[in-house]
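S.K.: TSV, C-alpha atoms, saved as my_file.tsv, coming up:
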chain	number	residue	atom	x	y	z
B	3	MET	CA	32.02	1.61	9.72
B	4	THR	CA	33.12	-2.02	9.97
B	5	GLU	CA	30.73	-4.83	10.87
B	6	GLU	CA	32.71	-5.55	14.05
B	7	LEU	CA	32.29	-1.94	15.20
B	8	GLN	CA	28.58	-1.99	14.44
B	9	ILE	CA	28.16	-5.18	16.48
B	10	TRP	CA	30.12	-3.65	19.36
B	11	ILE	CA	27.92	-0.51	19.35
B	12	HIS	CA	24.78	-2.67	19.28
B	13	GLN	CA	26.04	-4.70	22.23
B	14	CYS	CA	26.88	-1.51	24.15
B	15	ALA	CA	23.31	-0.27	23.63
B	16	THR	CA	21.97	-3.58	24.98
B	17	LEU	CA	24.37	-3.45	27.93
B	18	PHE	CA	23.27	0.10	28.74
B	19	ALA	CA	19.64	-1.06	28.92
B	20	LEU	CA	20.59	-3.89	31.27
B	21	VAL	CA	22.62	-1.57	33.50
B	22	ILE	CA	19.66	0.81	33.83
B	23	LEU	CA	17.31	-2.06	34.70
B	24	TYR	CA	19.47	-3.84	37.26
B	25	TYR	CA	21.00	-0.74	38.83
B	26	ASP	CA	17.59	0.80	39.46
B	27	HIS	CA	16.40	-2.55	40.81
B	28	MET	CA	19.12	-2.39	43.45
B	29	LEU	CA	18.33	1.25	44.25
B	30	THR	CA	14.65	0.53	44.86
B	31	LEU	CA	14.96	-2.92	46.45
B	32	SER	CA	14.67	-1.56	49.98
B	33	ALA	CA	11.47	0.30	49.07
B	34	GLU	CA	10.13	-2.87	47.47
B	35	VAL	CA	10.79	-4.86	50.64
B	36	THR	CA	9.18	-2.15	52.77
B	37	PHE	CA	6.02	-1.61	50.75
B	38	ILE	CA	5.50	-4.75	48.66
B	39	TRP	CA	6.85	-7.69	50.63
B	40	LYS	CA	4.26	-7.45	53.36
B	41	PRO	CA	1.66	-10.09	54.32
B	42	GLY	CA	-1.26	-10.21	51.94
B	43	LEU	CA	-1.49	-9.91	48.18
B	44	SER	CA	-3.44	-7.55	45.97
B	45	LEU	CA	-3.78	-7.09	42.23
B	46	ALA	CA	-1.42	-4.12	42.33
B	47	LYS	CA	1.25	-6.11	44.17
B	48	LEU	CA	0.96	-9.00	41.71
B	49	LEU	CA	1.30	-6.62	38.77
B	50	PHE	CA	4.30	-4.98	40.41
B	51	LEU	CA	6.06	-8.30	40.92
B	52	ALA	CA	5.22	-9.48	37.41
B	53	ASN	CA	6.46	-6.22	35.90
B	54	ARG	CA	9.60	-6.25	38.01
B	55	TYR	CA	10.74	-9.85	37.74
B	56	LEU	CA	9.61	-10.95	34.30
B	57	SER	CA	11.92	-8.36	32.80
B	58	PHE	CA	14.58	-9.11	35.42
B	59	PHE	CA	14.92	-12.78	34.45
B	60	ALA	CA	14.12	-12.45	30.74
B	61	ASN	CA	16.94	-9.97	30.29
B	62	MET	CA	19.39	-12.48	31.74
B	63	ALA	CA	18.71	-14.59	28.66
B	64	LEU	CA	19.15	-11.49	26.50
B	65	MET	CA	22.52	-10.91	28.13
B	66	CYS	CA	23.62	-14.44	27.25
B	67	PHE	CA	22.74	-14.47	23.57
B	68	SER	CA	23.87	-10.89	22.94
B	69	TYR	CA	27.48	-11.64	23.87
B	70	ARG	CA	27.92	-15.29	22.92
B	71	GLY	CA	27.72	-17.19	19.66
B	72	PHE	CA	24.96	-19.69	18.85
B	73	PRO	CA	23.83	-21.53	15.72
B	74	ALA	CA	21.37	-19.67	13.52
B	75	GLU	CA	18.49	-21.90	14.62
B	76	ILE	CA	19.13	-21.15	18.30
B	77	CYS	CA	19.47	-17.45	17.51
B	78	GLY	CA	16.03	-17.52	15.90
B	79	GLN	CA	14.46	-19.15	18.96
B	80	LEU	CA	16.17	-16.73	21.35
B	81	SER	CA	15.08	-13.77	19.24
B	82	THR	CA	11.48	-15.00	19.34
B	83	PHE	CA	11.75	-15.39	23.12
B	84	HIS	CA	13.10	-11.84	23.37
B	85	GLN	CA	10.22	-10.45	21.30
B	86	LEU	CA	7.66	-12.34	23.40
B	87	ALA	CA	9.29	-11.12	26.62
B	88	ILE	CA	9.08	-7.50	25.43
B	89	ILE	CA	5.43	-7.95	24.48
B	90	ALA	CA	4.63	-9.55	27.84
B	91	SER	CA	6.45	-6.77	29.72
B	92	GLN	CA	4.58	-4.08	27.81
B	93	VAL	CA	1.25	-5.83	28.43
B	94	ILE	CA	1.96	-5.80	32.17
B	95	VAL	CA	3.03	-2.15	32.03
B	96	SER	CA	-0.17	-1.34	30.17
B	97	LEU	CA	-2.27	-3.20	32.76
B	98	VAL	CA	-0.72	-1.09	35.51
B	99	LEU	CA	-1.63	2.07	33.61
B	100	VAL	CA	-5.14	0.71	33.02
B	101	LEU	CA	-5.52	0.00	36.76
B	102	ARG	CA	-4.53	3.56	37.64
B	103	THR	CA	-6.91	5.04	35.06
B	104	TYR	CA	-9.74	2.69	36.09
B	105	ALA	CA	-9.34	3.85	39.69
B	106	LEU	CA	-9.26	7.52	38.67
B	107	TYR	CA	-12.58	7.11	36.86
B	108	GLY	CA	-14.32	5.60	39.87
B	109	ARG	CA	-14.07	2.04	38.56
B	110	SER	CA	-16.20	2.97	35.57
B	111	ARG	CA	-16.85	-0.13	33.47
B	112	ARG	CA	-17.51	2.00	30.42
B	113	VAL	CA	-14.05	3.51	30.64
B	114	LEU	CA	-12.52	0.11	31.40
B	115	PHE	CA	-14.18	-1.55	28.40
B	116	PHE	CA	-13.12	1.32	26.15
B	117	ILE	CA	-9.48	1.05	27.25
B	118	LEU	CA	-9.47	-2.74	26.96
B	119	ALA	CA	-11.06	-2.63	23.50
B	120	VAL	CA	-8.48	-0.18	22.21
B	121	GLY	CA	-5.73	-2.12	23.98
B	122	PHE	CA	-6.81	-5.40	22.39
B	123	ILE	CA	-6.72	-3.87	18.91
B	124	LEU	CA	-3.28	-2.38	19.53
B	125	LEU	CA	-2.00	-5.62	21.09
B	126	SER	CA	-3.08	-7.53	17.99
B	127	LEU	CA	-1.17	-5.07	15.84
B	128	ILE	CA	1.89	-5.36	18.09
B	129	ALA	CA	1.84	-9.17	18.02
B	130	TRP	CA	1.51	-9.22	14.23
B	131	SER	CA	4.30	-6.73	13.63
B	132	ALA	CA	6.70	-8.25	16.17
B	133	LEU	CA	6.25	-11.93	15.36
B	134	ASN	CA	5.65	-11.79	11.61
B	135	GLN	CA	9.22	-10.92	10.66
B	136	GLU	CA	10.85	-11.60	7.31
B	137	ASP	CA	13.99	-10.62	5.45
B	138	VAL	CA	16.39	-10.52	8.38
B	139	THR	CA	20.05	-11.48	8.51
B	140	VAL	CA	21.61	-13.04	11.59
B	141	LEU	CA	25.09	-11.79	12.35
B	142	ILE	CA	26.91	-14.82	13.79
B	143	PRO	CA	28.36	-15.21	16.40
B	144	SER	CA	26.56	-12.28	18.03
B	145	CYS	CA	22.91	-13.31	17.35
B	146	ILE	CA	22.14	-9.75	16.24
B	147	TYR	CA	19.53	-9.31	13.53
B	148	ALA	CA	19.92	-6.86	10.66
B	149	ALA	CA	16.46	-6.01	9.33
B	150	THR	CA	15.48	-4.70	5.92
B	151	SER	CA	13.52	-1.47	5.57
B	152	ALA	CA	10.23	-3.33	5.00
B	153	THR	CA	10.66	-5.45	8.13
B	154	ALA	CA	11.81	-2.46	10.19
B	155	GLN	CA	8.77	-0.42	9.19
B	156	ARG	CA	6.50	-3.26	10.29
B	157	LEU	CA	8.34	-3.50	13.63
B	158	ALA	CA	8.02	0.27	14.06
B	159	LEU	CA	4.23	-0.17	14.05
B	160	ALA	CA	4.47	-2.03	17.37
B	161	TRP	CA	6.19	0.88	19.09
B	162	GLU	CA	3.89	3.39	17.42
B	163	ALA	CA	0.95	1.43	18.86
B	164	LEU	CA	2.51	1.71	22.33
B	165	VAL	CA	2.89	5.46	21.90
B	166	LEU	CA	-0.77	5.66	20.89
B	167	PHE	CA	-1.82	3.69	23.98
B	168	ASP	CA	0.31	5.84	26.30
B	169	THR	CA	-1.18	8.96	24.72
B	170	MET	CA	-4.71	7.66	25.30
B	171	ILE	CA	-3.96	6.84	28.96
B	172	PHE	CA	-2.35	10.24	29.53
B	173	GLY	CA	-5.28	12.00	27.86
B	174	LEU	CA	-7.78	10.18	30.08
B	175	THR	CA	-5.72	10.96	33.19
B	176	LEU	CA	-5.42	14.64	32.26
B	177	ARG	CA	-9.13	14.87	31.46
B	178	GLN	CA	-10.12	13.44	34.83
B	179	ALA	CA	-7.69	15.68	36.71
B	180	LEU	CA	-9.01	18.78	34.95
B	181	ALA	CA	-12.61	17.65	35.49
B	182	ARG	CA	-12.06	17.30	39.23
B	183	GLY	CA	-10.06	20.52	39.28
B	184	SER	CA	-11.35	23.02	41.78
B	185	SER	CA	-13.85	20.61	43.36
B	186	SER	CA	-11.02	18.30	44.44
B	187	LEU	CA	-9.53	21.14	46.45
B	188	ARG	CA	-12.23	20.60	49.03
B	189	LEU	CA	-10.41	17.49	50.18
B	190	LYS	CA	-6.73	18.15	50.63
B	191	ASP	CA	-5.57	14.51	50.79
B	192	VAL	CA	-7.50	13.53	47.67
B	193	SER	CA	-6.21	16.60	45.83
B	194	ARG	CA	-2.63	15.68	46.76
B	195	ILE	CA	-3.12	12.09	45.57
B	196	MET	CA	-4.56	13.39	42.30
B	197	SER	CA	-1.52	15.64	41.98
B	198	VAL	CA	0.81	12.67	42.52
B	199	VAL	CA	-1.01	10.59	39.92
B	200	LEU	CA	-1.08	13.41	37.37
B	201	TRP	CA	2.55	14.39	37.96
B	202	ASP	CA	3.81	10.81	37.76
B	203	GLY	CA	1.68	10.15	34.70
B	204	SER	CA	2.97	13.28	32.99
B	205	MET	CA	6.59	12.38	33.71
B	206	TYR	CA	6.09	8.81	32.51
B	207	PHE	CA	4.39	9.95	29.31
B	208	ALA	CA	7.01	12.61	28.52
B	209	LEU	CA	10.02	10.37	29.16
B	210	MET	CA	8.60	7.35	27.34
B	211	ALA	CA	7.48	9.51	24.42
B	212	LEU	CA	11.05	10.70	23.93
B	213	VAL	CA	12.54	7.20	24.23
B	214	ASN	CA	9.94	5.62	21.96
B	215	LEU	CA	10.31	8.41	19.41
B	216	ALA	CA	14.07	7.81	19.24
B	217	ASN	CA	13.48	4.07	18.89
B	218	ILE	CA	10.87	4.53	16.16
B	219	LEU	CA	13.17	6.83	14.22
B	220	SER	CA	15.89	4.18	14.38
B	221	PHE	CA	13.60	1.78	12.52
B	222	TYR	CA	13.16	4.26	9.68
B	223	LEU	CA	16.51	6.04	9.49
B	224	ALA	CA	19.25	3.82	10.95
B	225	PRO	CA	21.38	1.28	9.06
B	226	PRO	CA	20.04	-2.33	9.07
B	227	ILE	CA	21.99	-3.46	12.15
B	228	PHE	CA	20.86	-0.42	14.16
B	229	LYS	CA	17.15	-0.60	13.31
B	230	GLY	CA	15.40	-0.98	16.64
B	231	VAL	CA	18.67	-0.79	18.56
B	232	LEU	CA	16.87	1.07	21.36
B	233	SER	CA	14.09	-1.52	21.76
B	234	SER	CA	15.73	-3.21	24.75
B	235	PHE	CA	16.41	0.16	26.35
B	236	ALA	CA	12.84	1.37	25.75
B	237	ASN	CA	11.44	-1.79	27.32
B	238	ALA	CA	13.81	-1.70	30.32
B	239	PHE	CA	13.17	2.02	30.83
B	240	SER	CA	9.41	1.51	30.72
B	241	VAL	CA	9.58	-1.32	33.27
B	242	THR	CA	11.82	0.79	35.50
B	243	LEU	CA	9.55	3.85	35.38
B	244	VAL	CA	6.40	1.85	36.12
B	245	SER	CA	8.07	0.16	39.09
B	246	ARG	CA	8.95	3.59	40.43
B	247	LEU	CA	5.45	4.89	39.74
B	248	MET	CA	4.02	2.08	41.82
B	249	LEU	CA	6.45	2.61	44.68
B	250	HIS	CA	5.87	6.35	44.62
B	251	LEU	CA	2.26	6.23	45.74
B	252	HIS	CA	3.16	3.80	48.52
B	253	GLN	CA	5.89	6.16	49.69
B	254	PHE	CA	3.53	9.12	49.48
B	255	ALA	CA	0.82	7.40	51.51
B	256	HIS	CA	3.22	6.12	54.17
B	257	SER	CA	5.10	9.37	54.66
B	258	GLY	CA	2.29	11.87	54.21
B	259	ARG	CA	4.34	14.02	51.90
B	260	GLN	CA	4.96	14.10	48.18
B	261	PRO	CA	8.53	13.00	47.31
B	262	VAL	CA	10.23	13.97	44.10
B	263	PHE	CA	9.77	11.73	41.07
B	264	GLU	CA	13.27	10.33	41.24
B	265	SER	CA	12.95	8.95	44.75
B	266	GLY	CA	9.91	6.77	44.60
B	267	CYS	CA	6.80	5.83	42.64
B	268	ALA	CA	3.09	4.94	42.42
B	269	THR	CA	0.77	2.09	43.33
B	270	SER	CA	-2.59	1.20	44.61
B	271	TYR	CA	-5.56	3.24	45.47
B	272	GLU	CA	-9.26	2.93	44.88
B	273	ILE	CA	-12.01	5.30	43.88
B	274	SER	CA	-15.63	4.76	44.72
B	275	SER	CA	-17.82	3.82	41.76
B	276	ALA	CA	-21.08	4.80	43.40
B	277	SER	CA	-20.43	8.51	43.24
B	278	PRO	CA	-17.76	10.91	42.00
B	279	SER	CA	-15.76	10.45	45.17
B	280	MET	CA	-12.38	9.03	46.01
B	281	SER	CA	-12.05	6.45	48.76
B	282	PHE	CA	-9.74	3.66	49.89
B	283	SER	CA	-11.19	0.14	50.06
B	284	ASP	CA	-10.26	-2.22	52.87
B	285	GLU	CA	-7.91	-4.13	50.55
B	286	TRP	CA	-5.85	-1.05	49.86
B	287	ARG	CA	-6.03	0.74	53.20
B	288	ASP	CA	-3.52	-1.62	54.82
B	289	ASP	CA	-1.08	-1.02	51.95
B	290	LEU	CA	-1.53	2.73	52.15
B	291	ARG	CA	-1.82	3.23	55.90
B	292	PRO	CA	0.62	6.02	56.75
B	293	ARG	CA	3.40	5.64	59.27
B	294	ASN	CA	3.43	9.34	59.98
B	295	PRO	CA	0.85	9.89	62.75
B	296	ALA	CA	0.37	13.48	61.62
B	297	TYR	CA	-1.00	12.24	58.32
B	298	ARG	CA	-4.58	11.02	58.01
B	299	LEU	CA	-6.07	8.96	55.23
B	300	PRO	CA	-9.37	10.25	53.89
B	301	PRO	CA	-12.50	8.63	55.34
B	302	GLU	CA	-13.86	5.50	53.73
B	303	SER	CA	-16.03	7.49	51.36
B	304	ALA	CA	-14.70	11.03	51.10
B	305	SER	CA	-16.62	12.98	48.51
B	306	VAL	CA	-14.91	15.57	46.37
B	307	ALA	CA	-18.07	16.59	44.56
Show me, as structure tokens, the structure contained in the file I just sent.
M.R.:
Amino acid sequence: MTEELQIWIHQCATLFALVILYYDHMLTLSAEVTFIWKPGLSLAKLLFLANRYLSFFANMALMCFSYRGFPAEICGQLSTFHQLAIIASQVIVSLVLVLRTYALYGRSRRVLFFILAVGFILLSLIAWSALNQEDVTVLIPSCIYAATSATAQRLALAWEALVLFDTMIFGLTLRQALARGSSSLRLKDVSRIMSVVLWDGSMYFALMALVNLANILSFYLAPPIFKGVLSSFANAFSVTLVSRLMLHLHQFAHSGRQPVFESGCATSYEISSASPSMSFSDEWRDDLRPRNPAYRLPPESASVA
């Protein structure tokens, strides 16, 4: 395979990631305007906007230096910017997942501190592996890096750390759902919300596990120019899924019914920390107030114990 063909395939993979990101942004823009661009801000809305638009604008720069030629020094700076943008996007994605898990566990500080401690360790590993790169060759004029096996294995650690974090979050979500189990059936609305959270979390974990696995294998098995070729796609896909997860819960709460995974996605809810009960705080109730009059939110402190 010629070098020109390898560069073209690499650029096609990058373009595919950008198409997924921007096309889904257009598909869900109306839902964003309906559920997010309302008066008042909350932590969930800020995380949604940060997740959505950091990747949106950062990938414009990626588009520029993936298809145009620059001096080697500029390529190095743009590559560093790309790595930092991916790390920042994944940190925001992780914060959204932490927020959902924190709410599921009744705002338990013990669970929050555990997740943040593990997350900090993994983030340190990700930063070291992504920014401490050596032995790479820049293919001019495309600004594409060809990594050696040693460098690729170090970069693979970053994505392996993300898989580990996703697995931990999914395990905590599944544990809480199973723990509430039959008792949550006493409150239909809470049970349905738990079902939405568990279903969305399962879909996110399964899809991202497959994408990340393919990307990790590329670091170990692919030729130098294709090592990590799916990194941009994995990042764009993760951002896209989390945006849909956050919109899903808004759509569920406003319509009073559970839409399929492809049509919406999840956001903000609260769980009481005083007892094993699920409730909606004043900050979230306006966001989640249903438009369907036949649907009723649970009372301010609706116990499922």
S.K.: Rank nothing, just name the residue among B:Leu97, B:Ile88, B:Leu164, B:Met210 nearest to Leu114 (chain B), using all atoms listed in the file.
M.R.: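 Among the listed residues, B:Leu97 lies closest to Leu114 (chain B).
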S.K.: Pick out the residues sitting within 8 Å of region 170-180 of chain B, and hand them over as JSON, numbers by chain; count all atoms listed in the file, and ignore anything fewer than 4 positions along from it in its own chain.
M.R.: {"B": [99, 100, 103, 106, 107, 166, 196, 200, 203, 204, 207]}
S.K.: Can you measure CA of Leu48 (chain B) to CA of Ser197 (chain B) for me? One decimal in Å is fine.
M.R.: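 CA of Ser197 (chain B) lies at a distance of 24.8 Å from CA of Leu48 (chain B).
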S.K.: Which residue, B:Ala160, B:Ala211, B:Ala63, B:Ile146, has the smallest gap to Leu124 (chain B) when you use all atoms listed in the file?
M.R.: B:Ala160
S.K.: Which residues are close to Asn134 (chain B), i.e. within 12 Å by all atoms listed in the file, leaving aside same-chain residues fewer than 5 positions away? Reply as a compact mmCIF listing (two decimals) with C-alpha atoms, in the coordinates of the input.
M.R.:
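Printed below is out_34.txt as written:
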# COMPACT_ATOMS: atom_id res chain seq x y z
CA THR B 82 11.48 -15.00 19.34
CA GLN B 85 10.22 -10.45 21.30
CA LEU B 86 7.66 -12.34 23.40
CA SER B 126 -3.08 -7.53 17.99
CA LEU B 127 -1.17 -5.07 15.84
CA ILE B 128 1.89 -5.36 18.09
CA ALA B 129 1.84 -9.17 18.02
CA ALA B 152 10.23 -3.33 5.00
CA THR B 153 10.66 -5.45 8.13
CA ALA B 154 11.81 -2.46 10.19
CA ARG B 156 6.50 -3.26 10.29
CA LEU B 157 8.34 -3.50 13.63
CA LEU B 159 4.23 -0.17 14.05
CA ALA B 160 4.47 -2.03 17.37
S.K.: For region 12-33 of chain B, where the input has fewer atoms than it should, I would like N, CA and C atoms rebuilt and written as an mmCIF file, in the frame of the given file.
M.R.:
data_model
loop_
_atom_site.group_PDB
_atom_site.id
_atom_site.type_symbol
_atom_site.label_atom_id
_atom_site.label_comp_id
_atom_site.auth_asym_id
_atom_site.auth_seq_id
_atom_site.Cartn_x
_atom_site.Cartn_y
_atom_site.Cartn_z
ATOM 1 N N HIS B 12 26.068 -2.044 18.972
ATOM 2 C CA HIS B 12 24.780 -2.670 19.280
ATOM 3 C C HIS B 12 24.829 -3.342 20.653
ATOM 4 N N GLN B 13 25.907 -4.034 20.937
ATOM 5 C CA GLN B 13 26.040 -4.700 22.230
ATOM 6 C C GLN B 13 26.152 -3.687 23.368
ATOM 7 N N CYS B 14 26.796 -2.561 23.125
ATOM 8 C CA CYS B 14 26.880 -1.510 24.150
ATOM 9 C C CYS B 14 25.505 -0.943 24.458
ATOM 10 N N ALA B 15 24.672 -0.771 23.419
ATOM 11 C CA ALA B 15 23.310 -0.270 23.630
ATOM 12 C C ALA B 15 22.502 -1.259 24.475
ATOM 13 N N THR B 16 22.653 -2.553 24.184
ATOM 14 C CA THR B 16 21.970 -3.580 24.980
ATOM 15 C C THR B 16 22.476 -3.581 26.417
ATOM 16 N N LEU B 17 23.784 -3.470 26.585
ATOM 17 C CA LEU B 17 24.370 -3.450 27.930
ATOM 18 C C LEU B 17 23.876 -2.251 28.721
ATOM 19 N N PHE B 18 23.754 -1.105 28.071
ATOM 20 C CA PHE B 18 23.270 0.100 28.740
ATOM 21 C C PHE B 18 21.849 -0.116 29.280
ATOM 22 N N ALA B 19 20.999 -0.773 28.471
ATOM 23 C CA ALA B 19 19.640 -1.060 28.920
ATOM 24 C C ALA B 19 19.648 -1.963 30.145
ATOM 25 N N LEU B 20 20.509 -2.964 30.140
ATOM 26 C CA LEU B 20 20.590 -3.890 31.270
ATOM 27 C C LEU B 20 21.112 -3.198 32.525
ATOM 28 N N VAL B 21 22.075 -2.306 32.359
ATOM 29 C CA VAL B 21 22.620 -1.570 33.500
ATOM 30 C C VAL B 21 21.531 -0.712 34.139
ATOM 31 N N ILE B 22 20.756 -0.007 33.310
ATOM 32 C CA ILE B 22 19.660 0.810 33.830
ATOM 33 C C ILE B 22 18.679 -0.046 34.620
ATOM 34 N N LEU B 23 18.305 -1.192 34.063
ATOM 35 C CA LEU B 23 17.310 -2.060 34.700
ATOM 36 C C LEU B 23 17.795 -2.592 36.035
ATOM 37 N N TYR B 24 18.987 -3.176 36.049
ATOM 38 C CA TYR B 24 19.470 -3.840 37.260
ATOM 39 C C TYR B 24 19.964 -2.839 38.310
ATOM 40 N N TYR B 25 20.538 -1.753 37.870
ATOM 41 C CA TYR B 25 21.000 -0.740 38.830
ATOM 42 C C TYR B 25 19.817 -0.105 39.562
ATOM 43 N N ASP B 26 18.763 0.219 38.803
ATOM 44 C CA ASP B 26 17.590 0.800 39.460
ATOM 45 C C ASP B 26 16.903 -0.233 40.344
ATOM 46 N N HIS B 27 16.968 -1.495 39.958
ATOM 47 C CA HIS B 27 16.400 -2.550 40.810
ATOM 48 C C HIS B 27 17.090 -2.557 42.169
ATOM 49 N N MET B 28 18.394 -2.423 42.178
ATOM 50 C CA MET B 28 19.120 -2.390 43.450
ATOM 51 C C MET B 28 18.784 -1.136 44.246
ATOM 52 N N LEU B 29 18.635 -0.001 43.553
ATOM 53 C CA LEU B 29 18.330 1.250 44.250
ATOM 54 C C LEU B 29 16.974 1.200 44.945
ATOM 55 N N THR B 30 16.019 0.536 44.335
ATOM 56 C CA THR B 30 14.650 0.530 44.860
ATOM 57 C C THR B 30 14.295 -0.758 45.596
ATOM 58 N N LEU B 31 15.256 -1.645 45.790
ATOM 59 C CA LEU B 31 14.960 -2.920 46.450
ATOM 60 C C LEU B 31 14.481 -2.725 47.878
ATOM 61 N N SER B 32 15.087 -1.781 48.594
ATOM 62 C CA SER B 32 14.670 -1.560 49.980
ATOM 63 C C SER B 32 13.230 -1.055 50.044
ATOM 64 N N ALA B 33 12.852 -0.173 49.114
ATOM 65 C CA ALA B 33 11.470 0.300 49.070
ATOM 66 C C ALA B 33 10.517 -0.838 48.710
#
